[in-house]
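Enquirer: Let me begin by handing over the structure; questions about it come next.
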Amino acid sequence: DVNSSRTLQVSQQLRARNTELQELNSMFRQSVDALRDKVDLQGTRLETIGKVGVELSEIQDLNILMDHILSEARRLVHAESGAILTRDHADLVVRYRQNDALSEKGRSSGSIAGGLRIPLSANSISGRVSLTGDYINVDDVYQIPKDAGFRFLTSFDERTGYRTRAMLVYPLSTPTGDPLGVLQLANPSTSSGEAKARFDNDDIKIIRNFASMASLALERANLTRSLIMRMIAMAETHDPEETGAHVNRVAGYSRILFEAWANRRGFGRVEMARQRDRLSIAAMLHDVGKIGIPDSILKKPGALEPDEYKMVQRHTLIGAFLCHATEVQTEFDEVSHVVALHHHERWDGSGYPGEVSEELWRDRTSEIPEQPGLSGEDIPIEARIVALADVFDALSSSRSYKNAWPEERVLKEIQDLSGKHFDPELVEIFMDEIVRIRAVQTAFSHDSSESNG
């Protein structure tokens, strides 16, 4: 049976992922321990980098990890602004940008940089660092000698009115030397907040050691992302609507909603980040169970017949099974199981599958019986969040059977469904966070071609 073969293939890939991650986690712990023994820095800074290493080792989602790496690097050397760029064939892609000065003026460019691209060339600072593997530290990017062979790209400063001065750009690479990207840090200050003319030797030492940990964490997260995207590519082959861009947007919206929901409840920073990380990956896999649904149904251009729709409903059970198909269950697997199983529940109880009996769980080829769905807060918060994120993206995107709705119509529909399909509090949060939602929508819909390094 073709569908059973697909399910088995995904199950085997999940097992392989867990094995590889365990090996990389062991390497990561050894790297952190080695740094504790070898780094000769001021005691408080060494203690800080050790704690940061532990935090990095717990983050699996690539986007959350890159944002965290940038935040921690800036904090370690008191940099006012910075960016993290990754290698993508012949380009460097600006994944995240942070700028305290613009945030204070109410003109924050946002943490997500929208996937801005610059050609991978030795003519730019970041391009030179990525190609050579050597860091660059300059006092003033506007005073770089003409014979240096590289220059500062001024487009970001010109657009925002910001003034970049001192800049440290450090390479990120695997233990074998393969380039991953670069870390840009700009405009340093002392621990008391006084501006510094340049990044000093102590700053460079701590970023050197931080970069080695960050690079290993990125490699580990890339492994997770690679497997997830392979699984999504398999699903896309059978369901053209299940694209990488779609799942990245759903994950991004889910991160924003969970963060705001958790902040309302006073979650600590570490606990909030840990749960947000797990949800982000789980959100990407919410429809992975469609791998087990026949192509003739998933690729049908028109409306589904009632019996076909009942068959599609089974993807919730199949996806939940796949997330339980590994011998060692992690917290990530548990959240993925919950999201896959319950992301079609509705606040008023009219969704599916509702309570899943042992008999139904054992025989996932059966139709989901006519029964009430879970309702209200009986629906796990992770599933309530992904349900809203998924519908917003579906309505905002073109499909084989419809055009994308304009944003005004989408937002009205979501508000109309508050208390029916969606958790009213999450709808309120969604509207409050619409600016960040739009940033995610832009970041994972197209590429631009400008940067600042």
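Letters for chains follow the order of the structure tokens (A, B, ...), residue numbers begin at 1 for each chain, and ligand numbers begin at 1 in the order shown.
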Restrict the calculation to only C-alpha atoms, then for each residue of segment 195-306 of chain A with any atom at most 6 Å from an atom of segment 171-191 of chain A give the closest atom pair and their distance in Å to one decimal, rows by chain and rising residue number, as JSON lines.
Expert:
{"residue": "A:Ala195", "atom": "CA", "partner": "A:Ser189", "partner_atom": "CA", "distance": 4.2}
{"residue": "A:Lys196", "atom": "CA", "partner": "A:Ser189", "partner_atom": "CA", "distance": 4.8}
{"residue": "A:Ser215", "atom": "CA", "partner": "A:Leu172", "partner_atom": "CA", "distance": 5.4}
Enquirer: Can I get the selected residues back with C-alpha atoms, as an mmCIF file, in the first residue's frame?
Expert:
data_model
loop_
_atom_site.group_PDB
_atom_site.id
_atom_site.type_symbol
_atom_site.label_atom_id
_atom_site.label_comp_id
_atom_site.auth_asym_id
_atom_site.auth_seq_id
_atom_site.Cartn_x
_atom_site.Cartn_y
_atom_site.Cartn_z
ATOM 1 C CA ALA A 195 29.940 54.369 23.621
ATOM 2 C CA LYS A 196 33.181 52.669 22.578
ATOM 3 C CA SER A 215 27.792 27.394 14.929
#
Enquirer: Considering only helix (DSSP H, G or I) as DSSP defines it on the backbone, what residues of segment 41-209 of chain A qualify? List them as a ChimeraX atom specification.
Expert: /A:43-57,62-77,100-104,125-132,141-143,146-148,155-160,201-209
Enquirer: If you keep C-alpha atoms, can you produce a file of those selected residues as a PDB file, in the first residue's frame?
Expert:
ATOM      1  CA  GLY A  43      35.153  35.228  35.363  1.00  0.00           C
ATOM      2  CA  THR A  44      31.699  36.742  35.014  1.00  0.00           C
ATOM      3  CA  ARG A  45      31.872  36.717  31.231  1.00  0.00           C
ATOM      4  CA  LEU A  46      33.025  33.095  31.164  1.00  0.00           C
ATOM      5  CA  GLU A  47      30.165  32.131  33.454  1.00  0.00           C
ATOM      6  CA  THR A  48      27.778  34.000  31.166  1.00  0.00           C
ATOM      7  CA  ILE A  49      28.968  32.261  28.021  1.00  0.00           C
ATOM      8  CA  GLY A  50      28.625  28.892  29.742  1.00  0.00           C
ATOM      9  CA  LYS A  51      25.004  29.629  30.612  1.00  0.00           C
ATOM     10  CA  VAL A  52      24.337  30.852  27.076  1.00  0.00           C
ATOM     11  CA  GLY A  53      25.770  27.604  25.728  1.00  0.00           C
ATOM     12  CA  VAL A  54      23.321  25.589  27.782  1.00  0.00           C
ATOM     13  CA  GLU A  55      20.422  27.709  26.505  1.00  0.00           C
ATOM     14  CA  LEU A  56      21.524  27.298  22.891  1.00  0.00           C
ATOM     15  CA  SER A  57      21.738  23.544  23.316  1.00  0.00           C
ATOM     16  CA  LEU A  62      16.236  27.307  13.507  1.00  0.00           C
ATOM     17  CA  ASN A  63      14.477  30.690  13.455  1.00  0.00           C
ATOM     18  CA  ILE A  64      14.234  30.954  17.227  1.00  0.00           C
ATOM     19  CA  LEU A  65      17.869  29.879  17.513  1.00  0.00           C
ATOM     20  CA  MET A  66      19.135  32.541  15.089  1.00  0.00           C
ATOM     21  CA  ASP A  67      17.175  35.261  16.884  1.00  0.00           C
ATOM     22  CA  HIS A  68      18.558  34.061  20.232  1.00  0.00           C
ATOM     23  CA  ILE A  69      22.142  33.862  18.947  1.00  0.00           C
ATOM     24  CA  LEU A  70      21.949  37.444  17.748  1.00  0.00           C
ATOM     25  CA  SER A  71      20.434  38.696  21.020  1.00  0.00           C
ATOM     26  CA  GLU A  72      23.023  36.923  23.167  1.00  0.00           C
ATOM     27  CA  ALA A  73      25.992  37.967  21.023  1.00  0.00           C
ATOM     28  CA  ARG A  74      24.907  41.597  21.244  1.00  0.00           C
ATOM     29  CA  ARG A  75      24.413  41.303  24.989  1.00  0.00           C
ATOM     30  CA  LEU A  76      27.859  39.759  25.550  1.00  0.00           C
ATOM     31  CA  VAL A  77      29.682  42.680  23.893  1.00  0.00           C
ATOM     32  CA  ASP A 100      18.045  49.104  19.968  1.00  0.00           C
ATOM     33  CA  ALA A 101      18.335  52.695  18.727  1.00  0.00           C
ATOM     34  CA  LEU A 102      15.542  52.311  16.185  1.00  0.00           C
ATOM     35  CA  SER A 103      13.381  50.430  18.682  1.00  0.00           C
ATOM     36  CA  GLU A 104      13.703  53.267  21.181  1.00  0.00           C
ATOM     37  CA  ILE A 125      32.216  43.114   4.520  1.00  0.00           C
ATOM     38  CA  SER A 126      29.968  40.136   5.237  1.00  0.00           C
ATOM     39  CA  GLY A 127      30.730  38.526   1.890  1.00  0.00           C
ATOM     40  CA  ARG A 128      34.473  38.797   2.509  1.00  0.00           C
ATOM     41  CA  VAL A 129      34.139  37.252   5.978  1.00  0.00           C
ATOM     42  CA  SER A 130      31.985  34.382   4.716  1.00  0.00           C
ATOM     43  CA  LEU A 131      34.330  33.587   1.820  1.00  0.00           C
ATOM     44  CA  THR A 132      37.610  33.841   3.734  1.00  0.00           C
ATOM     45  CA  VAL A 141      32.445  51.572   8.257  1.00  0.00           C
ATOM     46  CA  TYR A 142      32.276  54.910   6.433  1.00  0.00           C
ATOM     47  CA  GLN A 143      36.058  55.366   6.659  1.00  0.00           C
ATOM     48  CA  LYS A 146      39.474  52.331  -0.795  1.00  0.00           C
ATOM     49  CA  ASP A 147      42.266  49.792  -1.192  1.00  0.00           C
ATOM     50  CA  ALA A 148      40.769  47.473   1.492  1.00  0.00           C
ATOM     51  CA  SER A 155      21.195  50.943   2.081  1.00  0.00           C
ATOM     52  CA  PHE A 156      19.896  50.107   5.561  1.00  0.00           C
ATOM     53  CA  ASP A 157      21.354  53.276   7.130  1.00  0.00           C
ATOM     54  CA  GLU A 158      19.994  55.404   4.299  1.00  0.00           C
ATOM     55  CA  ARG A 159      16.512  53.943   4.609  1.00  0.00           C
ATOM     56  CA  THR A 160      16.256  54.198   8.403  1.00  0.00           C
ATOM     57  CA  ASN A 201      40.356  42.343  22.034  1.00  0.00           C
ATOM     58  CA  ASP A 202      38.230  40.995  24.890  1.00  0.00           C
ATOM     59  CA  ASP A 203      35.120  41.455  22.751  1.00  0.00           C
ATOM     60  CA  ILE A 204      36.747  39.530  19.916  1.00  0.00           C
ATOM     61  CA  LYS A 205      37.809  36.700  22.241  1.00  0.00           C
ATOM     62  CA  ILE A 206      34.370  36.207  23.665  1.00  0.00           C
ATOM     63  CA  ILE A 207      32.681  36.347  20.234  1.00  0.00           C
ATOM     64  CA  ARG A 208      35.239  33.823  18.917  1.00  0.00           C
ATOM     65  CA  ASN A 209      34.243  31.338  21.580  1.00  0.00           C
TER      66      ASN A 209
END
Enquirer: Compare A:Phe430, A:Phe150, A:Thr164, A:Phe199 by their minimum atom-to-atom distance to His78 of chain A, counting only C-alpha atoms, and give me the closest one.
Expert: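 For His78 of chain A, the nearest of the given residues is A:Phe199.
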Enquirer: Fewer than 6 positions away in the same chain doesn't count, so skip those; otherwise give me all residues within 12 Å of Arg264 of chain A, counting only C-alpha atoms, as an NGL selection string.
Expert: :A and (257-258 or 272 or 425-426 or 429)
Enquirer: What does the distance from atom CA of Gly319 of chain A to atom CA of Asp378 of chain A come to in Å, to one decimal?
Expert: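 Computed distance, atom CA of Gly319 of chain A to atom CA of Asp378 of chain A, equals 20.1 Å.
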Enquirer: Just give me the gap between atom CA of His89 of chain A and atom CA of Ala245 of chain A in Å, one decimal is fine.
Expert: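 Atom CA of Ala245 of chain A lies 18.5 Å from atom CA of His89 of chain A.
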Enquirer: Do a neighbour search on segment 334-346 of chain A at 8 Å with only C-alpha atoms, toss out local chain neighbours closer than 2 positions, and write the hits as a ChimeraX atom specification.
Expert: /A:278-279,281-283,285-289,316-317,319-324,329-332,348-354,373-376,379-380,382-384,386-387,420-422
Enquirer: Among segment 133-308 of chain A, which ones does DSSP place in strand (DSSP E or B), written as an MDAnalysis selection string?
Expert: chainID A and resid 136:138 151 167:173 179:189 195
Enquirer: Excluding same-chain residues fewer than 5 positions from Ile414 of chain A, what lies within 9 Å of it counting only C-alpha atoms, as a PDB file with N, CA and C atoms, in the first residue's frame?
Expert:
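Result file around33.pdb:
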ATOM      1  N   LEU A 388      -5.697  28.820  14.470  1.00  0.00           N
ATOM      2  CA  LEU A 388      -5.872  30.206  14.031  1.00  0.00           C
ATOM      3  C   LEU A 388      -4.825  30.580  12.988  1.00  0.00           C
ATOM      4  N   VAL A 391      -5.620  28.840   9.534  1.00  0.00           N
ATOM      5  CA  VAL A 391      -6.754  29.410   8.803  1.00  0.00           C
ATOM      6  C   VAL A 391      -6.400  30.787   8.248  1.00  0.00           C
ATOM      7  N   PHE A 392      -5.714  31.599   9.046  1.00  0.00           N
ATOM      8  CA  PHE A 392      -5.309  32.916   8.547  1.00  0.00           C
ATOM      9  C   PHE A 392      -4.469  32.772   7.280  1.00  0.00           C
ATOM     10  N   ARG A 409     -10.718  41.580   4.552  1.00  0.00           N
ATOM     11  CA  ARG A 409     -11.738  40.541   4.598  1.00  0.00           C
ATOM     12  C   ARG A 409     -11.310  39.383   5.502  1.00  0.00           C
ATOM     13  N   HIS A 421     -15.134  29.377  16.028  1.00  0.00           N
ATOM     14  CA  HIS A 421     -14.012  28.550  15.595  1.00  0.00           C
ATOM     15  C   HIS A 421     -12.790  28.773  16.490  1.00  0.00           C
ATOM     16  N   PHE A 422     -12.545  30.027  16.882  1.00  0.00           N
ATOM     17  CA  PHE A 422     -11.295  30.385  17.536  1.00  0.00           C
ATOM     18  C   PHE A 422     -11.477  30.842  18.984  1.00  0.00           C
ATOM     19  N   VAL A 427      -7.763  35.532  19.336  1.00  0.00           N
ATOM     20  CA  VAL A 427      -8.163  36.476  18.286  1.00  0.00           C
ATOM     21  C   VAL A 427      -7.767  37.897  18.698  1.00  0.00           C
TER      22      VAL A 427
END
Enquirer: Just to confirm, what's the straight-line distance from atom CA of Ala211 of chain A to atom CA of Gly149 of chain A in Å (one decimal)?
Expert: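 Computing the Euclidean distance for atom CA of Ala211 of chain A and atom CA of Gly149 of chain A yields 24.8 Å.
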